[in-house]
Amino acid sequence: MEIMKLPVMIIMGLIVLSLASGMFFLAKDDGSGDRVVKALTFRIILSLILFAILILGAIFNVIEPNSLTPSIAGSTPTN
Amino acid sequence: MSTSPDQYYIPEPSKWPIVAMLAIFSILMGSALAINGVGIGSFLIVVGFVLLGYMFFGWFGDVVEENMTGKYNSQVDDSFRQGMFWFISSEVFFFATFFGSLYYVRNISVDWLGGTGYLEATNEFITSQFVSQWPTAGPSNLGGDFALVDTWGVPAINTAILLSSGLTLTWAHWGLKKENRKQLVNGLMLTVALGIIFVIMQAVEYMHAYSTLNLTLESGIYGSTFYLLTGFHGFHVIVGALMLSAVLGRSMKGHFTEENHFAFEAAAWYWHFVDVVWLGLFILVYWM
């Protein structure tokens, strides 16, 4: 996962930015423009790219989901 | 009182704030009684939620009627936008707190208990058996051993469902902007349907986690944070689906124009927000 953390975090950051810009336009505009819908369209496209990266990363063994790690929590002795 | 577009519209005295107060009182009092095992408690909770639904339906209905009869000027429009902005801000901080607690527990406090940093002595004398790892069943493995939810099962499918709903909603949004009513209504219908499927899948996953994986609210700090984050997200999906259902009903009645559609955009933005929160959950809980 380490190698993929950076691109995943960058795209996630861009998604949050496009969502935030959509909120900004929603608060500022009067409804006549299309800045809100454009920001949200950008947001969904980026999200699809991110999901595709996760799936492809797992297929090519670059990323491993948590649930595939062998440890069953609780098997470690605790105090 | 005023119908002039030059003046800020002030509504007549309304019963809705009192109904809201009674609804919330009933829910809280019912919860307090139910927790203490008093029989009437759950009845009061139901009454409270019915009252709450009645209040939302009636109050928003009044607002919609005021809007459709041309009582609002651009200042009122600006008030709605500001109100939505602050509502969303509170939602952002709500989830930021939960993501923050997940980060703190996972990257700081579990390490401390394992002896990292200046709490080395604590580990040596008090928690010497504790091995720092995530997921952990700590403290003391009270909930017993558990297994994790398979990322490729419901979580991945639900991510695909929620992203698809974001697509259908964006399609509806463009339909509204291009004055294509059919595209707007169909897109909203698909979005609400996908939202309902998401919630049902999540409920099935919870039952599976409880019955087969022994992953419960008592599974230490992992179980607590897992259900807190995914549970509150699920609740927000339900609220978003209700908002979009109302917007769908209004769209079918011919409400909203290319220029006057704040309710649609506010509900749509909320849905995108809930979608992004899920993406954050999906990555942080299931991948990293």
# chains A, B, ... in the order shown; residues from 1 in each chain; ligands from 1
$ interface_residues --of "chain B" --to "chain A" --cutoff "7 Å" --atoms "only C-alpha atoms" --output "PDB file with N, CA, C and O atoms, in the first residue's frame"
ATOM      1  N   ARG B  81     -29.024  29.914   1.281  1.00  0.00           N
ATOM      2  CA  ARG B  81     -27.669  29.476   0.918  1.00  0.00           C
ATOM      3  C   ARG B  81     -26.728  29.541   2.112  1.00  0.00           C
ATOM      4  O   ARG B  81     -25.925  28.639   2.358  1.00  0.00           O
ATOM      5  N   GLN B  82     -26.844  30.623   2.890  1.00  0.00           N
ATOM      6  CA  GLN B  82     -26.006  30.746   4.083  1.00  0.00           C
ATOM      7  C   GLN B  82     -26.360  29.655   5.103  1.00  0.00           C
ATOM      8  O   GLN B  82     -25.481  29.056   5.719  1.00  0.00           O
ATOM      9  N   PHE B  85     -24.870  26.456   4.068  1.00  0.00           N
ATOM     10  CA  PHE B  85     -23.415  26.496   4.248  1.00  0.00           C
ATOM     11  C   PHE B  85     -23.050  26.157   5.703  1.00  0.00           C
ATOM     12  O   PHE B  85     -22.166  25.350   5.964  1.00  0.00           O
ATOM     13  N   THR B 127       0.923  -2.456  31.063  1.00  0.00           N
ATOM     14  CA  THR B 127       0.333  -3.117  29.880  1.00  0.00           C
ATOM     15  C   THR B 127       1.388  -3.955  29.166  1.00  0.00           C
ATOM     16  O   THR B 127       1.454  -3.977  27.940  1.00  0.00           O
ATOM     17  N   SER B 128       2.181  -4.683  29.925  1.00  0.00           N
ATOM     18  CA  SER B 128       3.332  -5.376  29.336  1.00  0.00           C
ATOM     19  C   SER B 128       2.926  -6.464  28.332  1.00  0.00           C
ATOM     20  O   SER B 128       3.696  -6.818  27.450  1.00  0.00           O
ATOM     21  N   GLN B 129       1.720  -7.000  28.470  1.00  0.00           N
ATOM     22  CA  GLN B 129       1.284  -8.039  27.537  1.00  0.00           C
ATOM     23  C   GLN B 129       0.724  -7.456  26.240  1.00  0.00           C
ATOM     24  O   GLN B 129       0.478  -8.180  25.288  1.00  0.00           O
ATOM     25  N   PHE B 130       0.508  -6.152  26.235  1.00  0.00           N
ATOM     26  CA  PHE B 130      -0.161  -5.536  25.080  1.00  0.00           C
ATOM     27  C   PHE B 130       0.798  -5.377  23.907  1.00  0.00           C
ATOM     28  O   PHE B 130       1.874  -4.810  24.038  1.00  0.00           O
ATOM     29  N   VAL B 131       0.400  -5.911  22.767  1.00  0.00           N
ATOM     30  CA  VAL B 131       1.196  -5.752  21.558  1.00  0.00           C
ATOM     31  C   VAL B 131       0.485  -4.753  20.658  1.00  0.00           C
ATOM     32  O   VAL B 131      -0.682  -4.917  20.326  1.00  0.00           O
ATOM     33  N   PRO B 135      -5.871  -3.994  13.225  1.00  0.00           N
ATOM     34  CA  PRO B 135      -6.906  -3.830  14.250  1.00  0.00           C
ATOM     35  C   PRO B 135      -6.490  -4.455  15.578  1.00  0.00           C
ATOM     36  O   PRO B 135      -5.734  -5.414  15.598  1.00  0.00           O
ATOM     37  N   THR B 136      -7.047  -3.939  16.634  1.00  0.00           N
ATOM     38  CA  THR B 136      -6.803  -4.502  17.945  1.00  0.00           C
ATOM     39  C   THR B 136      -8.132  -4.774  18.638  1.00  0.00           C
ATOM     40  O   THR B 136      -9.109  -4.071  18.390  1.00  0.00           O
ATOM     41  N   ALA B 137      -8.149  -5.801  19.462  1.00  0.00           N
ATOM     42  CA  ALA B 137      -9.358  -6.090  20.237  1.00  0.00           C
ATOM     43  C   ALA B 137      -9.263  -5.480  21.624  1.00  0.00           C
ATOM     44  O   ALA B 137     -10.064  -5.780  22.492  1.00  0.00           O
ATOM     45  N   GLY B 138      -8.235  -4.635  21.818  1.00  0.00           N
ATOM     46  CA  GLY B 138      -8.041  -4.028  23.113  1.00  0.00           C
ATOM     47  C   GLY B 138      -9.155  -3.063  23.458  1.00  0.00           C
ATOM     48  O   GLY B 138      -9.873  -2.606  22.573  1.00  0.00           O
ATOM     49  N   SER B 140      -8.131  -5.494  26.605  1.00  0.00           N
ATOM     50  CA  SER B 140      -8.402  -6.777  27.283  1.00  0.00           C
ATOM     51  C   SER B 140      -9.227  -7.789  26.497  1.00  0.00           C
ATOM     52  O   SER B 140      -9.756  -8.724  27.070  1.00  0.00           O
ATOM     53  N   ASN B 141      -9.363  -7.586  25.192  1.00  0.00           N
ATOM     54  CA  ASN B 141     -10.060  -8.580  24.373  1.00  0.00           C
ATOM     55  C   ASN B 141     -11.444  -8.915  24.917  1.00  0.00           C
ATOM     56  O   ASN B 141     -11.891 -10.064  24.889  1.00  0.00           O
ATOM     57  N   GLY B 144     -13.939 -10.653  22.633  1.00  0.00           N
ATOM     58  CA  GLY B 144     -13.503 -11.908  22.023  1.00  0.00           C
ATOM     59  C   GLY B 144     -12.861 -11.698  20.662  1.00  0.00           C
ATOM     60  O   GLY B 144     -12.839 -10.589  20.134  1.00  0.00           O
ATOM     61  N   ASP B 145     -12.312 -12.787  20.108  1.00  0.00           N
ATOM     62  CA  ASP B 145     -11.666 -12.705  18.792  1.00  0.00           C
ATOM     63  C   ASP B 145     -12.692 -12.373  17.719  1.00  0.00           C
ATOM     64  O   ASP B 145     -13.839 -12.803  17.804  1.00  0.00           O
ATOM     65  N   PHE B 146     -12.238 -11.626  16.736  1.00  0.00           N
ATOM     66  CA  PHE B 146     -13.158 -11.318  15.631  1.00  0.00           C
ATOM     67  C   PHE B 146     -12.404 -11.267  14.314  1.00  0.00           C
ATOM     68  O   PHE B 146     -11.179 -11.158  14.293  1.00  0.00           O
ATOM     69  N   ALA B 147     -13.136 -11.370  13.224  1.00  0.00           N
ATOM     70  CA  ALA B 147     -12.538 -11.265  11.893  1.00  0.00           C
ATOM     71  C   ALA B 147     -13.011  -9.975  11.244  1.00  0.00           C
ATOM     72  O   ALA B 147     -14.023  -9.402  11.644  1.00  0.00           O
ATOM     73  N   LEU B 148     -12.257  -9.523  10.236  1.00  0.00           N
ATOM     74  CA  LEU B 148     -12.612  -8.266   9.572  1.00  0.00           C
ATOM     75  C   LEU B 148     -13.589  -8.508   8.429  1.00  0.00           C
ATOM     76  O   LEU B 148     -13.632  -9.589   7.848  1.00  0.00           O
ATOM     77  N   VAL B 149     -14.351  -7.478   8.116  1.00  0.00           N
ATOM     78  CA  VAL B 149     -15.262  -7.547   6.973  1.00  0.00           C
ATOM     79  C   VAL B 149     -14.423  -7.610   5.691  1.00  0.00           C
ATOM     80  O   VAL B 149     -13.422  -6.905   5.560  1.00  0.00           O
ATOM     81  N   ASP B 150     -14.805  -8.491   4.777  1.00  0.00           N
ATOM     82  CA  ASP B 150     -14.056  -8.644   3.526  1.00  0.00           C
ATOM     83  C   ASP B 150     -14.251  -7.418   2.637  1.00  0.00           C
ATOM     84  O   ASP B 150     -15.370  -7.111   2.227  1.00  0.00           O
ATOM     85  N   THR B 151     -13.144  -6.751   2.331  1.00  0.00           N
ATOM     86  CA  THR B 151     -13.215  -5.525   1.518  1.00  0.00           C
ATOM     87  C   THR B 151     -13.882  -5.773   0.172  1.00  0.00           C
ATOM     88  O   THR B 151     -14.606  -4.923  -0.349  1.00  0.00           O
ATOM     89  N   LEU B 163     -21.079   5.307  -5.838  1.00  0.00           N
ATOM     90  CA  LEU B 163     -20.491   6.082  -6.946  1.00  0.00           C
ATOM     91  C   LEU B 163     -21.464   6.137  -8.122  1.00  0.00           C
ATOM     92  O   LEU B 163     -21.590   7.173  -8.791  1.00  0.00           O
ATOM     93  N   GLY B 166     -23.900   8.724  -7.456  1.00  0.00           N
ATOM     94  CA  GLY B 166     -23.334  10.052  -7.723  1.00  0.00           C
ATOM     95  C   GLY B 166     -23.424  10.387  -9.201  1.00  0.00           C
ATOM     96  O   GLY B 166     -23.716  11.526  -9.588  1.00  0.00           O
ATOM     97  N   LEU B 167     -23.199   9.347 -10.047  1.00  0.00           N
ATOM     98  CA  LEU B 167     -23.288   9.539 -11.502  1.00  0.00           C
ATOM     99  C   LEU B 167     -24.717   9.864 -11.925  1.00  0.00           C
ATOM    100  O   LEU B 167     -24.949  10.810 -12.690  1.00  0.00           O
ATOM    101  N   THR B 170     -25.653  13.330 -10.921  1.00  0.00           N
ATOM    102  CA  THR B 170     -25.031  14.346 -11.775  1.00  0.00           C
ATOM    103  C   THR B 170     -25.764  14.423 -13.124  1.00  0.00           C
ATOM    104  O   THR B 170     -25.959  15.506 -13.685  1.00  0.00           O
ATOM    105  N   HIS B 173     -28.788  16.337 -12.518  1.00  0.00           N
ATOM    106  CA  HIS B 173     -28.420  17.746 -12.334  1.00  0.00           C
ATOM    107  C   HIS B 173     -28.259  18.447 -13.694  1.00  0.00           C
ATOM    108  O   HIS B 173     -28.783  19.542 -13.916  1.00  0.00           O
ATOM    109  N   GLU B 259     -33.147  28.273 -13.389  1.00  0.00           N
ATOM    110  CA  GLU B 259     -32.545  29.320 -12.551  1.00  0.00           C
ATOM    111  C   GLU B 259     -32.925  29.197 -11.072  1.00  0.00           C
ATOM    112  O   GLU B 259     -32.166  29.601 -10.214  1.00  0.00           O
ATOM    113  N   ASN B 260     -34.121  28.644 -10.782  1.00  0.00           N
ATOM    114  CA  ASN B 260     -34.608  28.587  -9.403  1.00  0.00           C
ATOM    115  C   ASN B 260     -34.707  27.136  -8.950  1.00  0.00           C
ATOM    116  O   ASN B 260     -35.715  26.468  -9.163  1.00  0.00           O
ATOM    117  N   HIS B 261     -33.630  26.657  -8.323  1.00  0.00           N
ATOM    118  CA  HIS B 261     -33.609  25.240  -7.928  1.00  0.00           C
ATOM    119  C   HIS B 261     -32.669  25.022  -6.750  1.00  0.00           C
ATOM    120  O   HIS B 261     -31.951  24.030  -6.688  1.00  0.00           O
ATOM    121  N   PHE B 262     -32.693  25.965  -5.805  1.00  0.00           N
ATOM    122  CA  PHE B 262     -31.750  25.842  -4.693  1.00  0.00           C
ATOM    123  C   PHE B 262     -31.930  24.536  -3.918  1.00  0.00           C
ATOM    124  O   PHE B 262     -30.951  23.882  -3.550  1.00  0.00           O
ATOM    125  N   TYR B 286     -10.890   0.237   5.191  1.00  0.00           N
ATOM    126  CA  TYR B 286     -10.727  -1.041   4.506  1.00  0.00           C
ATOM    127  C   TYR B 286      -9.397  -1.210   3.767  1.00  0.00           C
ATOM    128  O   TYR B 286      -9.042  -2.313   3.380  1.00  0.00           O
ATOM    129  N   TRP B 287      -8.680  -0.100   3.525  1.00  0.00           N
ATOM    130  CA  TRP B 287      -7.454  -0.220   2.719  1.00  0.00           C
ATOM    131  C   TRP B 287      -6.187   0.171   3.462  1.00  0.00           C
ATOM    132  O   TRP B 287      -5.137  -0.393   3.218  1.00  0.00           O
ATOM    133  N   MET B 288      -6.237   1.184   4.325  1.00  0.00           N
ATOM    134  CA  MET B 288      -4.982   1.683   4.895  1.00  0.00           C
ATOM    135  C   MET B 288      -4.804   1.261   6.356  1.00  0.00           C
ATOM    136  O   MET B 288      -5.735   1.003   7.043  1.00  0.00           O
TER     137      MET B 288
END
$ closest_residue --among "B:Tyr227, B:Phe256, B:Phe99, B:Trp59" --to "Arg181 (chain B)" --atoms "only C-alpha atoms"
B:Phe256
$ closest_residue --among "B:Asp6, B:Ile197, B:His272, B:Val239" --to "Asn73 (chain B)" --atoms "only C-alpha atoms"
B:Asp6
